[in-house]
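Trainee: Here you go, this is run_7.cif (mmCIF, C-alpha atoms and all ligand atoms).
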```
data_model
#
loop_
_atom_site.label_atom_id
_atom_site.label_comp_id
_atom_site.auth_asym_id
_atom_site.auth_seq_id
_atom_site.Cartn_x
_atom_site.Cartn_y
_atom_site.Cartn_z
CA MET A 1 -40.54 1.31 9.74
CA LEU A 2 -38.97 4.78 10.11
CA LYS A 3 -35.92 4.68 12.39
CA VAL A 4 -35.37 7.83 14.47
CA CYS A 5 -32.05 8.58 16.19
CA HIS A 6 -32.31 10.96 19.15
CA LEU A 7 -28.74 12.08 19.77
CA TYR A 8 -27.57 12.79 23.36
CA PRO A 9 -31.11 13.13 24.79
CA ASP A 10 -29.78 13.67 28.31
CA LEU A 11 -27.16 16.27 27.35
CA LEU A 12 -28.85 18.22 24.55
CA ASN A 13 -32.32 18.92 25.87
CA LEU A 14 -32.54 22.60 26.54
CA TYR A 15 -36.05 24.03 26.70
CA GLY A 16 -37.68 20.62 26.16
CA ASP A 17 -36.22 20.09 22.70
CA ARG A 18 -37.14 16.39 23.10
CA GLY A 19 -40.64 17.58 22.17
CA ASN A 20 -39.46 17.62 18.55
CA VAL A 21 -38.96 13.85 18.64
CA LEU A 22 -42.40 13.45 20.24
CA ALA A 23 -44.03 15.60 17.52
CA PHE A 24 -42.31 13.66 14.71
CA THR A 25 -43.17 10.22 16.13
CA ARG A 26 -46.75 11.10 17.19
CA ARG A 27 -47.58 12.53 13.76
CA CYS A 28 -46.28 9.28 12.27
CA SER A 29 -48.24 7.10 14.71
CA TRP A 30 -51.48 9.07 14.16
CA ARG A 31 -51.12 8.06 10.52
CA HIS A 32 -50.21 4.47 11.36
CA ILE A 33 -46.70 4.99 9.95
CA PRO A 34 -44.46 2.57 11.91
CA VAL A 35 -41.69 4.49 13.71
CA GLN A 36 -39.09 3.57 16.32
CA VAL A 37 -36.82 5.84 18.37
CA TYR A 38 -33.22 4.93 19.31
CA GLN A 39 -31.53 7.09 21.94
CA ALA A 40 -27.78 7.49 21.28
CA ASN A 41 -25.69 8.61 24.24
CA LEU A 42 -22.10 9.70 24.88
CA GLY A 43 -19.73 6.88 23.97
CA ASP A 44 -22.21 4.99 21.76
CA LYS A 45 -21.02 3.89 18.30
CA ILE A 46 -23.64 5.19 15.87
CA ASP A 47 -24.24 4.09 12.27
CA PHE A 48 -26.09 7.18 11.02
CA GLU A 49 -26.67 5.55 7.64
CA ASN A 50 -29.00 3.14 9.39
CA PHE A 51 -31.48 5.89 10.32
CA ASP A 52 -34.23 7.86 8.58
CA PHE A 53 -34.50 10.88 10.90
CA LEU A 54 -31.85 12.29 13.23
CA PHE A 55 -32.62 14.83 15.97
CA ILE A 56 -29.92 16.85 17.77
CA GLY A 57 -31.15 19.32 20.40
CA GLY A 58 -29.71 22.37 22.09
CA GLY A 59 -27.32 22.53 25.02
CA SER A 60 -25.15 24.83 27.08
CA ASP A 61 -21.55 25.59 26.08
CA ARG A 62 -20.42 23.04 28.68
CA GLU A 63 -22.44 20.19 27.17
CA GLN A 64 -21.33 21.13 23.69
CA THR A 65 -17.67 20.91 24.68
CA LEU A 66 -18.30 17.52 26.27
CA LEU A 67 -19.87 15.90 23.24
CA ALA A 68 -18.03 17.62 20.35
CA ALA A 69 -15.10 15.17 20.70
CA ASP A 70 -17.50 12.21 20.99
CA LEU A 71 -19.40 13.22 17.87
CA SER A 72 -16.22 13.93 15.89
CA ARG A 73 -15.34 10.21 16.20
CA GLN A 74 -18.37 9.38 14.03
CA VAL A 75 -18.28 12.33 11.66
CA ASP A 76 -17.65 10.21 8.53
CA SER A 77 -20.80 8.14 9.04
CA LEU A 78 -22.86 11.31 9.67
CA LYS A 79 -21.36 13.10 6.63
CA ARG A 80 -22.16 10.14 4.35
CA ALA A 81 -25.70 9.90 5.72
CA ILE A 82 -26.40 13.64 5.23
CA GLU A 83 -24.97 13.52 1.70
CA ASP A 84 -27.29 10.56 1.10
CA GLY A 85 -30.31 12.64 2.17
CA LEU A 86 -30.73 11.68 5.85
CA VAL A 87 -33.43 13.92 7.30
CA VAL A 88 -31.91 15.88 10.17
CA LEU A 89 -33.30 18.44 12.58
CA ALA A 90 -30.53 20.21 14.51
CA ILE A 91 -31.53 22.86 17.04
CA CYS A 92 -29.26 25.60 18.40
CA GLY A 93 -26.24 23.88 19.98
CA GLY A 94 -26.86 20.83 17.80
CA TYR A 95 -26.97 23.17 14.78
CA GLN A 96 -23.74 24.92 15.76
CA LEU A 97 -21.93 21.59 16.10
CA LEU A 98 -22.54 20.74 12.42
CA GLY A 99 -20.50 23.80 11.36
CA GLN A 100 -16.75 24.53 11.26
CA TYR A 101 -16.41 25.73 14.87
CA TYR A 102 -18.12 27.37 17.84
CA GLN A 103 -16.03 30.09 19.52
CA MET A 104 -17.05 30.56 23.15
CA PRO A 105 -17.07 33.94 24.98
CA ASP A 106 -13.62 33.22 26.50
CA GLY A 107 -12.19 32.74 23.00
CA ARG A 108 -11.86 28.95 23.21
CA LYS A 109 -12.99 27.24 20.00
CA ILE A 110 -15.05 24.06 20.04
CA PRO A 111 -14.26 22.36 16.71
CA GLY A 112 -17.43 21.55 14.79
CA LEU A 113 -17.96 18.56 12.53
CA GLY A 114 -17.31 20.67 9.45
CA ILE A 115 -20.33 19.20 7.65
CA LEU A 116 -22.04 22.54 7.04
CA ASP A 117 -20.19 25.60 5.73
CA LEU A 118 -20.92 27.92 8.67
CA HIS A 119 -19.27 29.10 11.89
CA THR A 120 -20.40 30.56 15.21
CA HIS A 121 -18.97 33.23 17.51
CA SER A 122 -20.41 33.62 20.99
CA GLY A 123 -20.66 37.19 22.26
CA SER A 124 -21.50 38.81 25.59
CA LYS A 125 -25.09 39.63 24.58
CA ARG A 126 -27.42 36.64 24.36
CA LEU A 127 -30.11 36.61 21.67
CA ILE A 128 -33.31 35.80 23.53
CA GLY A 129 -36.98 35.98 22.66
CA ASN A 130 -39.83 34.77 20.49
CA VAL A 131 -39.11 34.49 16.77
CA ALA A 132 -41.11 34.30 13.56
CA VAL A 133 -39.46 33.03 10.37
CA GLU A 134 -40.67 32.62 6.80
CA ILE A 135 -39.46 29.38 5.27
CA GLU A 136 -40.18 27.70 1.94
CA LEU A 137 -41.10 24.01 1.84
CA ALA A 138 -41.68 22.31 -1.54
CA GLY A 139 -42.32 25.70 -3.14
CA LYS A 140 -44.81 26.85 -0.47
CA LYS A 141 -43.98 29.69 1.93
CA ILE A 142 -44.99 29.16 5.57
CA LYS A 143 -44.41 31.11 8.79
CA VAL A 144 -42.91 29.22 11.70
CA THR A 145 -42.58 30.44 15.28
CA GLY A 146 -40.36 29.48 18.18
CA PHE A 147 -38.17 30.75 21.01
CA GLU A 148 -34.47 31.57 20.83
CA ASN A 149 -31.88 31.78 23.60
CA HIS A 150 -28.31 31.66 22.34
CA GLY A 151 -25.03 33.44 22.87
CA GLY A 152 -23.66 32.12 19.62
CA LYS A 153 -24.01 34.16 16.46
CA THR A 154 -23.90 31.95 13.39
CA PHE A 155 -22.70 33.09 9.98
CA LEU A 156 -23.43 31.05 6.86
CA ASN A 157 -20.58 30.79 4.40
CA GLY A 158 -21.75 28.58 1.54
CA VAL A 159 -24.95 27.02 2.92
CA ALA A 160 -28.52 28.34 2.44
CA PRO A 161 -30.53 29.70 5.37
CA LEU A 162 -33.60 27.80 6.54
CA GLY A 163 -35.57 31.02 6.24
CA GLN A 164 -35.84 34.77 6.62
CA VAL A 165 -36.48 36.39 10.02
CA LEU A 166 -39.83 38.19 10.23
CA SER A 167 -39.45 39.03 13.93
CA GLY A 168 -36.62 38.29 16.38
CA ASN A 169 -32.87 37.75 15.85
CA GLY A 170 -32.28 34.46 14.07
CA ASN A 171 -28.72 33.38 13.29
CA ASN A 172 -26.92 36.53 14.40
CA GLY A 173 -29.35 39.46 14.74
CA THR A 174 -27.86 41.26 11.73
CA ASP A 175 -28.38 39.45 8.41
CA HIS A 176 -32.07 38.49 8.95
CA GLN A 177 -31.27 34.86 8.22
CA GLU A 178 -32.44 32.03 10.43
CA GLY A 179 -31.08 28.54 10.55
CA ALA A 180 -29.53 26.62 7.69
CA ARG A 181 -30.72 24.10 5.11
CA TYR A 182 -28.52 21.61 3.30
CA LYS A 183 -30.12 18.72 1.38
CA ASN A 184 -32.51 17.21 3.98
CA ALA A 185 -30.71 18.72 6.97
CA PHE A 186 -32.79 21.43 8.67
CA CYS A 187 -31.04 23.59 11.26
CA SER A 188 -32.61 26.25 13.43
CA TYR A 189 -32.18 28.31 16.57
CA LEU A 190 -35.86 27.89 17.36
CA HIS A 191 -36.68 26.11 20.59
CA GLY A 192 -40.27 25.87 21.72
CA PRO A 193 -39.92 23.04 20.89
CA LEU A 194 -40.04 23.90 17.21
CA LEU A 195 -42.10 21.11 15.67
CA PRO A 196 -45.25 20.87 17.86
CA LYS A 197 -46.61 24.26 16.78
CA ASN A 198 -45.26 24.08 13.23
CA PRO A 199 -47.03 20.93 11.89
CA ALA A 200 -46.32 21.65 8.21
CA LEU A 201 -42.57 21.50 8.90
CA THR A 202 -42.97 18.24 10.82
CA ASP A 203 -45.03 16.68 8.04
CA HIS A 204 -42.54 17.84 5.40
CA MET A 205 -39.74 16.02 7.24
CA ILE A 206 -41.86 12.87 7.64
CA SER A 207 -42.63 12.93 3.92
CA LEU A 208 -38.93 13.35 3.02
CA ALA A 209 -37.98 10.45 5.30
CA LEU A 210 -40.68 8.20 3.77
CA GLU A 211 -39.65 9.16 0.23
CA ARG A 212 -35.95 8.43 0.92
CA LYS A 213 -36.91 5.05 2.40
CA GLY A 214 -39.02 4.19 -0.66
CA MET A 215 -42.21 4.07 1.45
CA ASP A 216 -45.50 5.70 0.39
CA SER A 217 -44.84 9.36 1.18
CA THR A 218 -48.51 10.43 1.00
CA ILE A 219 -49.18 12.44 4.13
CA VAL A 220 -52.81 12.13 5.26
CA PRO A 221 -53.92 15.54 6.63
CA LEU A 222 -54.59 15.75 10.39
CA ASP A 223 -56.77 18.22 12.29
CA ASP A 224 -54.10 20.85 13.05
CA SER A 225 -56.49 23.55 14.27
CA PHE A 226 -54.97 23.58 17.78
CA GLU A 227 -51.38 23.73 16.49
CA GLU A 228 -52.25 26.40 13.90
CA GLU A 229 -53.99 28.47 16.60
CA ALA A 230 -50.88 28.31 18.81
CA ASN A 231 -48.72 29.36 15.88
CA GLY A 232 -51.14 32.11 14.86
CA LYS A 233 -51.36 33.55 18.37
CA MET A 234 -47.56 33.88 18.48
CA LEU A 235 -47.48 35.53 15.03
CA GLU A 236 -50.12 38.01 16.25
CA ARG A 237 -48.12 38.71 19.43
CA LEU A 238 -45.09 39.45 17.25
CA GLY A 239 -47.09 41.71 14.96
CA VAL A 240 -46.66 39.36 11.99
CA ARG A 241 -49.58 38.77 9.61
CA ARG A 242 -50.75 35.11 9.74
N1 LIG A 301 -24.53 27.09 24.01
C1 LIG A 301 -24.97 27.61 22.72
C2 LIG A 301 -25.17 29.13 22.74
O1 LIG A 301 -25.30 29.71 23.81
C3 LIG A 301 -26.27 26.95 22.32
C4 LIG A 301 -27.42 27.32 23.25
C5 LIG A 301 -28.67 26.50 23.00
O2 LIG A 301 -28.60 25.36 22.53
N2 LIG A 301 -29.85 27.12 23.32
O3 LIG A 301 -25.23 29.74 21.69
#
```
For this file, write the structure as structure tokens.
Mentor:
Amino acid sequence: MLKVCHLYPDLLNLYGDRGNVLAFTRRCSWRHIPVQVYQANLGDKIDFENFDFLFIGGGSDREQTLLAADLSRQVDSLKRAIEDGLVVLAICGGYQLLGQYYQMPDGRKIPGLGILDLHTHSGSKRLIGNVAVEIELAGKKIKVTGFENHGGKTFLNGVAPLGQVLSGNGNNGTDHQEGARYKNAFCSYLHGPLLPKNPALTDHMISLALERKGMDSTIVPLDDSFEEEANGKMLERLGVRR
């Protein structure tokens, strides 16, 4: 059984980011891979090493301030789990929280968990719009699409980007990098939610989680014509070759 932890589902759910958990679990269920979701809320004690997939969604500055202290109480367990290959998807605010700090427009700094070597500064101009990114999964390049809306501009210090921006802003609108990737932790600014119209990324994460758990990681193909069409339409709209 794959155990999924959905962190702060009521606080970090901007733009329907919970759809990422639905996409992950449905694509498991359609393949008869047993999967169970645990919702972890503010104040809960969480043993991250007990999970196979962790999802952290996006939130406003206010929510991030609220839960940064809560999450910092369990940083050791999360750090150990990520070092041990826990598959993580962290979107926008959830992504920012894994870094060193998030500096808000008024200059106040929300301390991050310091797990990923990156930091975020929030400016006056928000980065908003549809985005296309080229990422590489198991040696294969794919184009993913999503929607960004963030004031924070993230700068990677020692961690690799998730991919290269083909259209849109990405991490900061200047270095053409989007997201971050460290071991099996995938971070991105892409809402949408990200996974439903990027099935190859979802399946890659499922396969990594199965492999880490010692389960058969063969991923039976599904009919993704609808998802691919949605992705392709957005690439076309952004003037990016499919
Ligand atoms: N509050 C953060 C920012 O504005 C994250 C926003 C989000 O999660 N979409 O950058």
Trainee: Which residue is closest to ligand LIG 301 (chain A)? Choose from A:Thr120, A:Asn169, A:Thr145, A:Thr174 and count all atoms listed in the file.
Mentor: A:Thr120
Trainee: Find, counting all atoms listed in the file, the residue in A:Glu211, A:Glu63, A:Asp70, A:Glu236 that gets nearest to Leu113 of chain A.
Mentor: A:Asp70
Trainee: Could you give me, as a PDB file with C-alpha atoms, keeping the file's coordinate frame, every polymer residue with an atom at most 7 Å away from an atom of ligand LIG 301 (chain A), counting all atoms listed in the file?
Mentor:
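Writing done, so here's out01.pdb:
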```
ATOM      1  CA  LEU A  14     -32.540  22.600  26.540  1.00  0.00           C
ATOM      2  CA  GLY A  57     -31.150  19.320  20.400  1.00  0.00           C
ATOM      3  CA  GLY A  58     -29.710  22.370  22.090  1.00  0.00           C
ATOM      4  CA  GLY A  59     -27.320  22.530  25.020  1.00  0.00           C
ATOM      5  CA  SER A  60     -25.150  24.830  27.080  1.00  0.00           C
ATOM      6  CA  ASP A  61     -21.550  25.590  26.080  1.00  0.00           C
ATOM      7  CA  GLN A  64     -21.330  21.130  23.690  1.00  0.00           C
ATOM      8  CA  ILE A  91     -31.530  22.860  17.040  1.00  0.00           C
ATOM      9  CA  CYS A  92     -29.260  25.600  18.400  1.00  0.00           C
ATOM     10  CA  GLY A  93     -26.240  23.880  19.980  1.00  0.00           C
ATOM     11  CA  GLY A  94     -26.860  20.830  17.800  1.00  0.00           C
ATOM     12  CA  SER A 122     -20.410  33.620  20.990  1.00  0.00           C
ATOM     13  CA  GLU A 148     -34.470  31.570  20.830  1.00  0.00           C
ATOM     14  CA  ASN A 149     -31.880  31.780  23.600  1.00  0.00           C
ATOM     15  CA  HIS A 150     -28.310  31.660  22.340  1.00  0.00           C
ATOM     16  CA  GLY A 151     -25.030  33.440  22.870  1.00  0.00           C
ATOM     17  CA  GLY A 152     -23.660  32.120  19.620  1.00  0.00           C
ATOM     18  CA  LYS A 153     -24.010  34.160  16.460  1.00  0.00           C
TER      19      LYS A 153
END
```
Trainee: Atom CA of Leu97 of chain A and atom CA of Leu137 of chain A are how many Å apart?
Mentor: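 If I compute the distance from atom CA of Leu97 of chain A to atom CA of Leu137 of chain A, I get 24.0 Å.
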Trainee: Which one is closest to Glu136 of chain A: A:Ala90, A:Leu162, A:Val240, A:Leu194? Count all atoms listed in the file.
Mentor: A:Leu162
